[in-house]
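Participant: Structure incoming, see below.
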Amino acid sequence: MKFRYLTILIIVFFNTTLFAQISIGETQFETDYAKPKKYEIAGISVSGVQYLDDNVLIMLSGLQIGDVISIPGEQVSNAIKKLWKQGFFSNVIVSGSVMDNQFIYLKIELKERPRLSKFSFKGIKRSEADNIREEINISRGDIVTDYLLIRTKNKIENYYIKKGYLDTEINIKQRIDTTSSNSVMLDIDIKKNGKVKIYQINIKGNDNLATQSVKKALKNTKEKGQVTPLKNLDSLIFVIVKDILSLHINDVLPDLESYINNNFKLRIFKSSRYIETDFEEDKIALIDKYNELGYRDAKIIKDSIYKVGENKIDIDITIDEGKKYYFRNISWVGNTLYTSEQLDVFLKVKKGDVYNKEVLMTNLTYNPSGIDVSSLYLDDGYLFFQVDPVEVLVENDSIDLEIRIYEGKQATINKVTIKGNTRTNDHVVFREIRTRPGALFSRNDLIRTTRELAQLKFFNPEKITPNVDPHPEDGTVDIEYELEETSADQIELSGGWGYGRLMGTVGLMFNNFSLRNVFNGKAWRPIPTGDGQTLSLRLQSYGKGYISYSLSFVEPWFGGKKPNSLSVSYYHSLYSNGLPKSDTNRSSFVINGFSVGLGKRLSWPDDYFVLYQGVSLQRYDLKNYSNIFSFGSGTGFYNNFSYTMAFSRNSISSPIFPRNGSDVSLSLELTPPYSLFSDKDYKTMEASEKFKWIEYYKWKFHANWYIELLDKLVLTPRMKFGFLGDYNKDIGITPFERFYLGGDGLSGYNNMDGREIIGMRGYQNESITPDYSKDNNVGGTIFAKYTLELRYALSLNPSAAIYVMGFFEAGNDWLGFTQFDPFDVKRSAGVGFRVFLPMFGLLGLDWGYGFDEIPGLPNANGGQFHFSINQSID
């Protein structure tokens, strides 16, 4: 068979534009570009590829065997364009061989772009390099295209722009990797060039809002801190003298305030770096500020940013404040359940008030600090309720509102489901849920359920999400609570040297324990969990001669039907001189104790209240141990049988970092008044006999409030009081159960007499106790403590919640009423931080400075560091 060949070579080069070169090899045929010839594709082959499949590439080209193409023609050009668009190749060549002037065999020759073998950074720290690696998200084997290089450069630039480095220079160089075929290495050279700071913000057009107030509204866009007391000082003196001489006394203070604002710019908590996204958000916040003040038409006409020096910029903002508006006539339409007068009470907006749309919508839709209009309906089942305030007339500076209400029908809860409780059993979750099938929908019940689930500490409080799915067609609603489990168990491990001996503590607390599955081998993973019970084990040892262990169990729903908590605990401690029991010189002090309590959630005054009642029995066994008290022979038994009743109310939003709510408790602990039923002469009785059966009553009160000032910034005032009294003056107040004030609040080996240790920062442990420097001190009978904390959350991640604080504290401890003076207190101030780790609980480190000296203890006050566990210092 005789063949005639026509070789067609099409080479496509791409830089910024597309070029095509077509060359025709030796042939006896003439190729007329004005009259293309048609050929049937008889075969297609691919060469030059290493990592890609030939068949896939042929498919991507759009060419198929059997297709009829024109030479020259668009089919081949389009095939080249399609392959090029994949971004895999740096060169694409298509050649063809013609047979019998009818068939053509195409050969696609490709040159793959190089692949990335590795990349490295120059000019930055290793920690920054690790962060950028995550940001650019490139890895070994990626095809190195122009797009990859541009994207990498842009991501690095944006990373540093967010950190205030606006002039970052990035140079990416490619090096051939000789150890791997068709591979390159990227050298990424980064020059940050320093952070760009905002030197000055110039505000124009603000006739009604002070410049400093405008700048304050820019929460995250701040000027660079600077102190220039001499700048324009002569002008200030001249203006003040002029004001005084012209009797414009009222202008002196504003002039002085303007001077201070312009010359004393302190930046402690906020950086002055420029972040574009923050600036855009701040401009919106600025207009919101104007809207709150009644300037509903306020707008920013223009803003500009320009350099004023190396790493310095200025910002100009021009504002059109517009007119200040006021509410005038407010009418209600569509309300049948409540009268307009009733709705006016909850709207809290009156004729003549400054027009503030935020306050209006807050009181209409959701007011976290009080009752709003929507809550009247949504808490009564009217899920489909809608409210729409419409401005019906704007006249001069007054606005008339018509508030249109669609009440709808009451919605009944159909299904309630939970999702995400991988360890906690369903019944533990459902018993805390207040939205029950068949009941009317209530927004308050939905919010309260979210709080109760957070209080369990089994779930991430930031991720508890109630998903409400309404069905208007049949007047029902389905509710799904989406949960995220977090670790609830805790371990306590500590060791050190103190009191002249080696000390160690091991504690385990299982906060989601399941007692019923103890004998179920399959449930031990590693312990039985899921029933919401608490099992706590603790062992302490302070060298030879001291050991203490305790066991406690809490069932929060005793009986399974009502939130009545049952708590049972046992504890044992032994302190001795280390000699064997057979030695007549052995001295020891042993305490055995058992307690049981029952807590009941009340429905009056509201269901945040809890009534707790419990009884406890302690037995003190002393043998040759006369140095623990200032009375007795040091041998004998002492018994403490007491009853405790506590009335408390807890409405805090979260157990780890409460943002709102309060925690208030009043408790009374008392023993039977044994001496009142006896005719013994207690005046002449030995002290060791007097306290054989300990008698006393103890009142305690504490109150904590949580007020969120700004997002994650919480003010926390707290107070604590305690009073220990007696029934019989001949016996006096017991030396047991007394108050010891000062330090970290942690109890140790010397807590042998049932003492109650109250932490107070800035002072050594127990040092504020009366006569603590003397050998015969027995503790106080009255104490008072006041605390004011300002907390800020750095992280609310359930795996590591962190917040910092500043505090002021005051308190004292007195022997009796004759010395009691509520204003005679020791004072301290300081800073600290808390870290909540699910495995270890809430850990704290504080530094406090005690301002007042302690008689007999010269080093008890001053700067003190304190470590705390699970709020022991609070």
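Following the order of the structure tokens, chains are lettered A, B, ..., residues in each are numbered from 1, and ligands are numbered from 1.
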Compile the contact shell of range 562-572 of chain A as a PyMOL selection string: residues with an atom at most 7 Å away, counting only C-alpha atoms, same-chain residues fewer than 4 positions apart removed.
Facilitator: chain A and resi 548-558+591-601
Participant: For the structure I just gave you, how does DSSP split range 629-764 of chain A - specifically, which residues are strand (DSSP E or B)? Reply as a ChimeraX atom specification.
Facilitator: /A:636-650,661-670,693,697-710,713-725,739-741,743,756-758,760
Participant: Pull the helix (DSSP H, G or I) assignments for range 78-202 of chain A out of DSSP run on the backbone, and list those residues as a tab-separated table (two decimals) with all heavy atoms, in the first residue's frame.
Facilitator:
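Just written: part-v1.tsv:
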```
chain	number	residue	atom	x	y	z
A	78	ASN	N	-8.63	24.18	19.86
A	78	ASN	CA	-9.45	24.06	21.08
A	78	ASN	C	-8.92	22.96	21.99
A	78	ASN	O	-8.95	23.08	23.23
A	78	ASN	CB	-10.91	23.78	20.72
A	78	ASN	CG	-11.59	24.99	20.11
A	78	ASN	OD1	-11.14	26.12	20.29
A	78	ASN	ND2	-12.66	24.76	19.35
A	79	ALA	N	-8.45	21.87	21.39
A	79	ALA	CA	-7.90	20.79	22.20
A	79	ALA	C	-6.68	21.26	22.97
A	79	ALA	O	-6.49	20.94	24.16
A	79	ALA	CB	-7.54	19.60	21.32
A	80	ILE	N	-5.84	22.06	22.31
A	80	ILE	CA	-4.64	22.59	22.97
A	80	ILE	C	-5.04	23.51	24.12
A	80	ILE	O	-4.47	23.47	25.21
A	80	ILE	CB	-3.76	23.32	21.94
A	80	ILE	CG1	-3.21	22.31	20.93
A	80	ILE	CG2	-2.63	24.07	22.63
A	80	ILE	CD1	-2.50	22.94	19.76
A	81	LYS	N	-6.04	24.37	23.87
A	81	LYS	CA	-6.50	25.30	24.92
A	81	LYS	C	-7.05	24.54	26.13
A	81	LYS	O	-6.80	24.91	27.28
A	81	LYS	CB	-7.57	26.23	24.36
A	81	LYS	CG	-7.05	27.22	23.33
A	81	LYS	CD	-8.20	28.06	22.77
A	81	LYS	CE	-7.68	29.04	21.71
A	81	LYS	NZ	-8.78	29.84	21.13
A	82	LYS	N	-7.80	23.48	25.86
A	82	LYS	CA	-8.37	22.71	26.97
A	82	LYS	C	-7.28	22.06	27.82
A	82	LYS	O	-7.36	22.03	29.06
A	82	LYS	CB	-9.31	21.63	26.43
A	82	LYS	CG	-10.61	22.19	25.87
A	82	LYS	CD	-11.48	21.07	25.31
A	82	LYS	CE	-12.77	21.63	24.72
A	82	LYS	NZ	-13.60	20.56	24.12
A	83	LEU	N	-6.27	21.52	27.17
A	83	LEU	CA	-5.17	20.92	27.93
A	83	LEU	C	-4.39	21.97	28.70
A	83	LEU	O	-3.94	21.73	29.83
A	83	LEU	CB	-4.24	20.15	26.98
A	83	LEU	CG	-4.84	18.88	26.37
A	83	LEU	CD1	-3.92	18.33	25.29
A	83	LEU	CD2	-5.09	17.81	27.43
A	84	TRP	N	-4.22	23.11	28.10
A	84	TRP	CA	-3.47	24.19	28.76
A	84	TRP	C	-4.19	24.69	30.01
A	84	TRP	O	-3.56	25.01	31.02
A	84	TRP	CB	-3.23	25.32	27.77
A	84	TRP	CG	-2.44	26.44	28.38
A	84	TRP	CD1	-2.91	27.60	28.84
A	84	TRP	CD2	-1.03	26.47	28.59
A	84	TRP	NE1	-1.91	28.38	29.35
A	84	TRP	CE2	-0.73	27.70	29.20
A	84	TRP	CE3	0.01	25.58	28.31
A	84	TRP	CZ2	0.57	28.06	29.55
A	84	TRP	CZ3	1.30	25.94	28.66
A	84	TRP	CH2	1.56	27.16	29.27
A	85	LYS	N	-5.51	24.75	29.91
A	85	LYS	CA	-6.29	25.27	31.04
A	85	LYS	C	-6.18	24.38	32.28
A	85	LYS	O	-6.47	24.83	33.39
A	85	LYS	CB	-7.76	25.41	30.65
A	85	LYS	CG	-8.05	26.59	29.73
A	85	LYS	CD	-9.53	26.68	29.41
A	85	LYS	CE	-9.82	27.86	28.49
A	85	LYS	NZ	-11.26	27.95	28.13
A	126	ARG	N	10.88	30.36	63.47
A	126	ARG	CA	10.33	29.03	63.22
A	126	ARG	C	8.85	28.96	63.57
A	126	ARG	O	8.05	28.33	62.86
A	126	ARG	CB	11.09	27.99	64.04
A	126	ARG	CG	10.56	26.56	63.85
A	126	ARG	CD	11.35	25.57	64.66
A	126	ARG	NE	12.73	25.49	64.18
A	126	ARG	CZ	13.64	24.69	64.72
A	126	ARG	NH1	13.32	23.91	65.76
A	126	ARG	NH2	14.88	24.66	64.25
A	127	SER	N	8.46	29.61	64.67
A	127	SER	CA	7.04	29.59	65.06
A	127	SER	C	6.17	30.26	64.01
A	127	SER	O	5.07	29.78	63.71
A	127	SER	CB	6.86	30.30	66.41
A	127	SER	OG	7.31	31.64	66.34
A	128	GLU	N	6.67	31.36	63.41
A	128	GLU	CA	5.92	32.02	62.34
A	128	GLU	C	5.85	31.12	61.12
A	128	GLU	O	4.81	31.05	60.45
A	128	GLU	CB	6.58	33.35	61.98
A	128	GLU	CG	6.40	34.44	63.01
A	128	GLU	CD	7.05	35.74	62.57
A	128	GLU	OE1	8.29	35.77	62.47
A	128	GLU	OE2	6.32	36.70	62.31
A	129	ALA	N	6.95	30.45	60.81
A	129	ALA	CA	6.97	29.56	59.65
A	129	ALA	C	5.93	28.44	59.80
A	129	ALA	O	5.24	28.09	58.83
A	129	ALA	CB	8.36	28.97	59.47
A	130	ASP	N	5.80	27.91	61.01
A	130	ASP	CA	4.80	26.85	61.24
A	130	ASP	C	3.39	27.37	61.00
A	130	ASP	O	2.55	26.68	60.42
A	130	ASP	CB	4.94	26.31	62.66
A	130	ASP	CG	6.24	25.55	62.88
A	130	ASP	OD1	6.84	25.11	61.87
A	130	ASP	OD2	6.67	25.42	64.04
A	131	ASN	N	3.12	28.59	61.45
A	131	ASN	CA	1.80	29.17	61.24
A	131	ASN	C	1.52	29.42	59.76
A	131	ASN	O	0.41	29.19	59.27
A	131	ASN	CB	1.66	30.48	62.01
A	131	ASN	CG	1.67	30.26	63.51
A	131	ASN	OD1	1.29	29.19	63.99
A	131	ASN	ND2	2.09	31.26	64.26
A	132	ILE	N	2.55	29.88	59.03
A	132	ILE	CA	2.36	30.18	57.61
A	132	ILE	C	2.19	28.89	56.82
A	132	ILE	O	1.45	28.85	55.83
A	132	ILE	CB	3.54	31.02	57.08
A	132	ILE	CG1	3.53	32.40	57.75
A	132	ILE	CG2	3.48	31.16	55.57
A	132	ILE	CD1	4.68	33.28	57.36
A	133	ARG	N	2.85	27.82	57.23
A	133	ARG	CA	2.67	26.53	56.55
A	133	ARG	C	1.19	26.13	56.55
A	133	ARG	O	0.67	25.64	55.54
A	133	ARG	CB	3.49	25.44	57.22
A	133	ARG	CG	4.98	25.54	56.99
A	133	ARG	CD	5.72	24.45	57.74
A	133	ARG	NE	7.14	24.74	57.84
A	133	ARG	CZ	8.03	24.47	56.90
A	133	ARG	NH1	7.63	23.88	55.78
A	133	ARG	NH2	9.30	24.77	57.07
A	134	GLU	N	0.54	26.31	57.69
A	134	GLU	CA	-0.88	26.00	57.77
A	134	GLU	C	-1.71	26.97	56.93
A	134	GLU	O	-2.73	26.59	56.35
A	134	GLU	CB	-1.35	26.05	59.23
A	134	GLU	CG	-0.68	25.01	60.12
A	134	GLU	CD	-1.19	25.09	61.55
A	134	GLU	OE1	-2.13	25.87	61.80
A	134	GLU	OE2	-0.64	24.38	62.42
A	135	GLU	N	-1.25	28.21	56.85
A	135	GLU	CA	-2.00	29.23	56.13
A	135	GLU	C	-1.96	29.00	54.62
A	135	GLU	O	-2.99	29.07	53.93
A	135	GLU	CB	-1.43	30.62	56.46
A	135	GLU	CG	-2.26	31.79	56.00
A	135	GLU	CD	-3.46	32.04	56.88
A	135	GLU	OE1	-3.46	31.57	58.03
A	135	GLU	OE2	-4.39	32.71	56.41
A	136	ILE	N	-0.77	28.72	54.04
A	136	ILE	CA	-0.65	28.61	52.58
A	136	ILE	C	-1.11	27.25	52.08
A	136	ILE	O	-1.52	27.11	50.92
A	136	ILE	CB	0.79	28.89	52.13
A	136	ILE	CG1	1.77	27.88	52.73
A	136	ILE	CG2	1.19	30.31	52.50
A	136	ILE	CD1	3.21	28.09	52.28
A	146	ASP	N	1.82	29.13	38.00
A	146	ASP	CA	1.82	30.55	38.32
A	146	ASP	C	0.75	30.85	39.36
A	146	ASP	O	0.94	31.69	40.25
A	146	ASP	CB	1.57	31.39	37.06
A	146	ASP	CG	2.73	31.29	36.07
A	146	ASP	OD1	3.84	30.93	36.52
A	146	ASP	OD2	2.52	31.55	34.88
A	147	TYR	N	-0.39	30.15	39.24
A	147	TYR	CA	-1.47	30.38	40.20
A	147	TYR	C	-1.03	29.99	41.61
A	147	TYR	O	-1.31	30.71	42.58
A	147	TYR	CB	-2.70	29.57	39.80
A	147	TYR	CG	-3.80	29.58	40.83
A	147	TYR	CD1	-4.57	30.72	41.05
A	147	TYR	CD2	-4.05	28.45	41.62
A	147	TYR	CE1	-5.57	30.73	42.01
A	147	TYR	CE2	-5.03	28.44	42.58
A	147	TYR	CZ	-5.79	29.60	42.77
A	147	TYR	OH	-6.77	29.61	43.73
A	148	LEU	N	-0.31	28.86	41.74
A	148	LEU	CA	0.15	28.44	43.06
A	148	LEU	C	1.09	29.47	43.66
A	148	LEU	O	1.01	29.80	44.85
A	148	LEU	CB	0.82	27.07	42.96
A	148	LEU	CG	1.36	26.50	44.28
A	148	LEU	CD1	1.09	25.00	44.36
A	148	LEU	CD2	2.86	26.75	44.44
A	149	LEU	N	1.98	30.01	42.83
A	149	LEU	CA	2.94	30.99	43.33
A	149	LEU	C	2.24	32.29	43.76
A	149	LEU	O	2.55	32.86	44.80
A	149	LEU	CB	3.99	31.28	42.26
A	149	LEU	CG	4.87	30.08	41.85
A	149	LEU	CD1	5.77	30.47	40.69
A	149	LEU	CD2	5.70	29.60	43.03
A	150	ILE	N	1.29	32.75	42.93
A	150	ILE	CA	0.57	33.99	43.25
A	150	ILE	C	-0.28	33.81	44.51
A	150	ILE	O	-0.32	34.66	45.39
A	150	ILE	CB	-0.29	34.43	42.06
A	150	ILE	CG1	0.61	34.82	40.88
A	150	ILE	CG2	-1.21	35.59	42.43
A	150	ILE	CD1	-0.14	35.04	39.59
A	151	ARG	N	-0.98	32.65	44.58
A	151	ARG	CA	-1.83	32.38	45.74
A	151	ARG	C	-1.00	32.32	47.02
A	151	ARG	O	-1.39	32.86	48.07
A	151	ARG	CB	-2.57	31.07	45.54
A	151	ARG	CG	-3.59	30.76	46.62
A	151	ARG	CD	-4.07	29.34	46.53
A	151	ARG	NE	-2.98	28.42	46.84
A	151	ARG	CZ	-3.10	27.09	46.77
A	151	ARG	NH1	-4.21	26.54	46.35
A	151	ARG	NH2	-2.07	26.31	47.09
A	152	THR	N	0.16	31.65	46.94
A	152	THR	CA	1.02	31.55	48.12
A	152	THR	C	1.48	32.92	48.57
A	152	THR	O	1.46	33.25	49.77
A	152	THR	CB	2.24	30.67	47.80
A	152	THR	OG1	1.78	29.36	47.44
A	152	THR	CG2	3.17	30.57	48.99
A	153	LYS	N	1.89	33.74	47.63
A	153	LYS	CA	2.34	35.09	47.97
A	153	LYS	C	1.22	35.91	48.59
A	153	LYS	O	1.41	36.60	49.61
A	153	LYS	CB	2.87	35.79	46.72
A	153	LYS	CG	3.45	37.17	46.99
A	153	LYS	CD	4.03	37.77	45.71
A	153	LYS	CE	4.61	39.16	45.99
A	153	LYS	NZ	5.18	39.76	44.77
A	154	ASN	N	0.02	35.82	48.02
A	154	ASN	CA	-1.12	36.59	48.54
A	154	ASN	C	-1.50	36.14	49.95
A	154	ASN	O	-1.82	36.97	50.81
A	154	ASN	CB	-2.32	36.46	47.61
A	154	ASN	CG	-2.13	37.19	46.30
A	154	ASN	OD1	-1.29	38.10	46.21
A	154	ASN	ND2	-2.88	36.82	45.28
A	155	LYS	N	-1.46	34.85	50.20
A	155	LYS	CA	-1.83	34.36	51.52
A	155	LYS	C	-0.83	34.80	52.58
A	155	LYS	O	-1.22	35.13	53.71
A	155	LYS	CB	-1.96	32.83	51.51
A	155	LYS	CG	-3.23	32.34	50.82
A	155	LYS	CD	-3.48	30.88	51.12
A	155	LYS	CE	-4.85	30.44	50.59
A	155	LYS	NZ	-5.17	29.06	50.96
A	156	ILE	N	0.43	34.81	52.22
A	156	ILE	CA	1.45	35.27	53.18
A	156	ILE	C	1.27	36.76	53.44
A	156	ILE	O	1.36	37.22	54.58
A	156	ILE	CB	2.86	34.96	52.65
A	156	ILE	CG1	3.06	33.45	52.54
A	156	ILE	CG2	3.91	35.56	53.58
A	156	ILE	CD1	4.37	33.04	51.90
A	157	GLU	N	1.02	37.52	52.37
A	157	GLU	CA	0.78	38.96	52.54
A	157	GLU	C	-0.41	39.21	53.45
A	157	GLU	O	-0.35	40.04	54.37
A	157	GLU	CB	0.56	39.62	51.18
A	157	GLU	CG	1.83	39.81	50.36
A	157	GLU	CD	1.55	40.46	49.03
A	157	GLU	OE1	0.37	40.54	48.64
A	157	GLU	OE2	2.52	40.89	48.37
A	158	ASN	N	-1.52	38.51	53.21
A	158	ASN	CA	-2.72	38.69	54.03
A	158	ASN	C	-2.48	38.28	55.48
A	158	ASN	O	-3.02	38.89	56.42
A	158	ASN	CB	-3.89	37.89	53.45
A	158	ASN	CG	-4.38	38.45	52.14
A	158	ASN	OD1	-4.25	39.65	51.89
A	158	ASN	ND2	-4.94	37.61	51.28
A	159	TYR	N	-1.66	37.24	55.68
A	159	TYR	CA	-1.34	36.80	57.04
A	159	TYR	C	-0.67	37.92	57.81
A	159	TYR	O	-1.01	38.19	58.97
A	159	TYR	CB	-0.44	35.57	56.97
A	159	TYR	CG	0.10	35.12	58.31
A	159	TYR	CD1	-0.66	34.30	59.14
A	159	TYR	CD2	1.37	35.50	58.74
A	159	TYR	CE1	-0.17	33.88	60.37
A	159	TYR	CE2	1.86	35.08	59.96
A	159	TYR	CZ	1.09	34.28	60.77
A	159	TYR	OH	1.57	33.88	61.98
A	160	TYR	N	0.29	38.60	57.17
A	160	TYR	CA	1.01	39.66	57.86
A	160	TYR	C	0.22	40.97	57.90
A	160	TYR	O	0.39	41.76	58.84
A	160	TYR	CB	2.38	39.87	57.21
A	160	TYR	CG	3.38	38.83	57.66
A	160	TYR	CD1	3.77	37.80	56.81
A	160	TYR	CD2	3.89	38.85	58.95
A	160	TYR	CE1	4.67	36.84	57.24
A	160	TYR	CE2	4.79	37.89	59.38
A	160	TYR	CZ	5.17	36.88	58.53
A	160	TYR	OH	6.05	35.93	58.96
A	161	ILE	N	-0.65	41.19	56.93
A	161	ILE	CA	-1.51	42.37	56.99
A	161	ILE	C	-2.41	42.31	58.22
A	161	ILE	O	-2.62	43.31	58.92
A	161	ILE	CB	-2.35	42.50	55.69
A	161	ILE	CG1	-1.46	42.98	54.54
A	161	ILE	CG2	-3.51	43.46	55.89
A	161	ILE	CD1	-2.14	42.98	53.20
A	162	LYS	N	-2.92	41.12	58.53
A	162	LYS	CA	-3.76	40.95	59.71
A	162	LYS	C	-3.00	41.25	61.00
A	162	LYS	O	-3.61	41.59	62.01
A	162	LYS	CB	-4.32	39.53	59.76
A	162	LYS	CG	-5.35	39.23	58.68
A	162	LYS	CD	-5.80	37.78	58.78
A	162	LYS	CE	-6.79	37.45	57.68
A	162	LYS	NZ	-7.20	36.02	57.71
```
Participant: Residues near Gly780 in chain A, anyone? I mean within 12 Å using only C-alpha atoms, not counting same-chain ones fewer than 4 positions away, as a count of residues only.
Facilitator: 34
Participant: I need the residue nearest Asp100 in chain A from this list: A:Leu63, A:Val429, A:Leu218, A:Ala42. Use only C-alpha atoms for the distance.
Facilitator: A:Ala42
Participant: Which polymer residues have any atom within 7 Å of an atom of Lys111 in chain A, counting only C-alpha atoms, with same-chain residues fewer than 5 positions away left out, as a list in words?
Facilitator: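 The neighbour list is Gly48, Val49, Phe89, Ser90, Asn91 and Val92 of chain A.
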Participant: Limited to N, CA and C atoms, could you put the picked residues into a file as an mmCIF file, in the first residue's frame?
Facilitator:
```
data_model
loop_
_atom_site.group_PDB
_atom_site.id
_atom_site.type_symbol
_atom_site.label_atom_id
_atom_site.label_comp_id
_atom_site.auth_asym_id
_atom_site.auth_seq_id
_atom_site.Cartn_x
_atom_site.Cartn_y
_atom_site.Cartn_z
ATOM 1 N N GLY A 48 5.302 12.205 26.982
ATOM 2 C CA GLY A 48 5.888 13.243 27.831
ATOM 3 C C GLY A 48 5.294 13.357 29.217
ATOM 4 N N VAL A 49 4.332 12.487 29.564
ATOM 5 C CA VAL A 49 3.711 12.587 30.887
ATOM 6 C C VAL A 49 4.209 11.455 31.776
ATOM 7 N N PHE A 89 0.755 21.766 32.471
ATOM 8 C CA PHE A 89 1.805 21.673 31.462
ATOM 9 C C PHE A 89 2.406 23.041 31.179
ATOM 10 N N SER A 90 3.720 23.013 30.859
ATOM 11 C CA SER A 90 4.402 24.233 30.438
ATOM 12 C C SER A 90 4.550 24.305 28.929
ATOM 13 N N ASN A 91 4.282 23.210 28.218
ATOM 14 C CA ASN A 91 4.371 23.189 26.765
ATOM 15 C C ASN A 91 3.433 22.124 26.222
ATOM 16 N N VAL A 92 2.715 22.454 25.140
ATOM 17 C CA VAL A 92 1.772 21.526 24.507
ATOM 18 C C VAL A 92 2.057 21.512 22.999
#
```
Participant: Out of A:Pro858, A:Pro461, A:Gly811, A:Gly559, which residue has the shortest atom-to-atom distance to Pro798 in chain A when counting only C-alpha atoms?
Facilitator: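 For Pro798 in chain A, the nearest of the given residues is A:Pro461.
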Participant: Go ahead and compute the interatomic distance for CA of Phe103 in chain A and CA of Gly43 in chain A, in Å to one decimal.
Facilitator: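 That distance, rounded to one decimal, is 8.9 Å.
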Participant: Just want the 10 Å neighbourhood of Lys357 in chain A, counted on only C-alpha atoms, with same-chain residues fewer than 2 positions away dropped. Output as a PyMOL selection string.
Facilitator: chain A and resi 288+291-294+296+354-355+359-363+389
Participant: Just the residues within 12 Å of Asn182 in chain A, please, counting only C-alpha atoms, with nothing from its chain fewer than 4 positions along; format it as a count of residues only.
Facilitator: 21
Participant: Might you pull out every residue within 7 Å of Asn640 in chain A, with only C-alpha atoms counted and same-chain residues fewer than 3 positions away left off, and present them as a list in words?
Facilitator: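 Using only C-alpha atoms, the neighbours found are Leu617, Gln618, Arg619, Trp693 and Ile694 of chain A.
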Participant: Could the residues in this selection be saved with N, CA and C atoms as a PDB file, in the first residue's frame?
Facilitator:
```pdb
ATOM      1  N   LEU A 617     -21.481  13.094 111.317  1.00  0.00           N
ATOM      2  CA  LEU A 617     -20.951  12.620 112.583  1.00  0.00           C
ATOM      3  C   LEU A 617     -19.431  12.545 112.452  1.00  0.00           C
ATOM      4  N   GLN A 618     -18.740  13.208 113.385  1.00  0.00           N
ATOM      5  CA  GLN A 618     -17.284  13.174 113.428  1.00  0.00           C
ATOM      6  C   GLN A 618     -16.851  12.674 114.808  1.00  0.00           C
ATOM      7  N   ARG A 619     -15.828  11.853 114.786  1.00  0.00           N
ATOM      8  CA  ARG A 619     -15.303  11.347 116.053  1.00  0.00           C
ATOM      9  C   ARG A 619     -13.792  11.598 116.071  1.00  0.00           C
ATOM     10  N   TRP A 693     -18.929  16.034 123.992  1.00  0.00           N
ATOM     11  CA  TRP A 693     -19.929  16.159 122.926  1.00  0.00           C
ATOM     12  C   TRP A 693     -19.982  17.632 122.542  1.00  0.00           C
ATOM     13  N   ILE A 694     -19.401  17.916 121.381  1.00  0.00           N
ATOM     14  CA  ILE A 694     -19.243  19.313 120.942  1.00  0.00           C
ATOM     15  C   ILE A 694     -20.602  19.915 120.630  1.00  0.00           C
TER      16      ILE A 694
END
```
Participant: May I ask which of the residues A:Tyr274, A:Tyr366, A:Tyr763, A:Tyr620 is the closest one to Asp379 in chain A, counting only C-alpha atoms?
Facilitator: A:Tyr366
Participant: How close does each residue of range 406-493 of chain A get to range 336-341 of chain A, giving the shortest atom pair and distance in Å to one decimal for every residue with an atom at most 12 Å away, counting only C-alpha atoms, sorted by chain and residue number, as CSV?
Facilitator:
```
residue,atom,partner,partner_atom,distance
A:Tyr406,CA,A:Thr336,CA,9.7
A:Glu407,CA,A:Thr336,CA,8.0
A:Gly408,CA,A:Thr336,CA,10.6
A:Lys409,CA,A:Leu337,CA,11.4
A:Gln410,CA,A:Leu337,CA,11.9
```
Participant: I need the residue nearest Pro838 in chain A from this list: A:Asp679, A:Ile731, A:Met509, A:Lys163. Use only C-alpha atoms for the distance.
Facilitator: A:Met509
Participant: Kindly indicate which residue among A:Gly762, A:Gly863, A:Pro605, A:Gly543 lies nearest to Gly578 in chain A, using only C-alpha atoms for the distances.
Facilitator: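 Of A:Gly762, A:Gly863, A:Pro605, A:Gly543, the one nearest Gly578 in chain A is A:Gly543, counting only C-alpha atoms.
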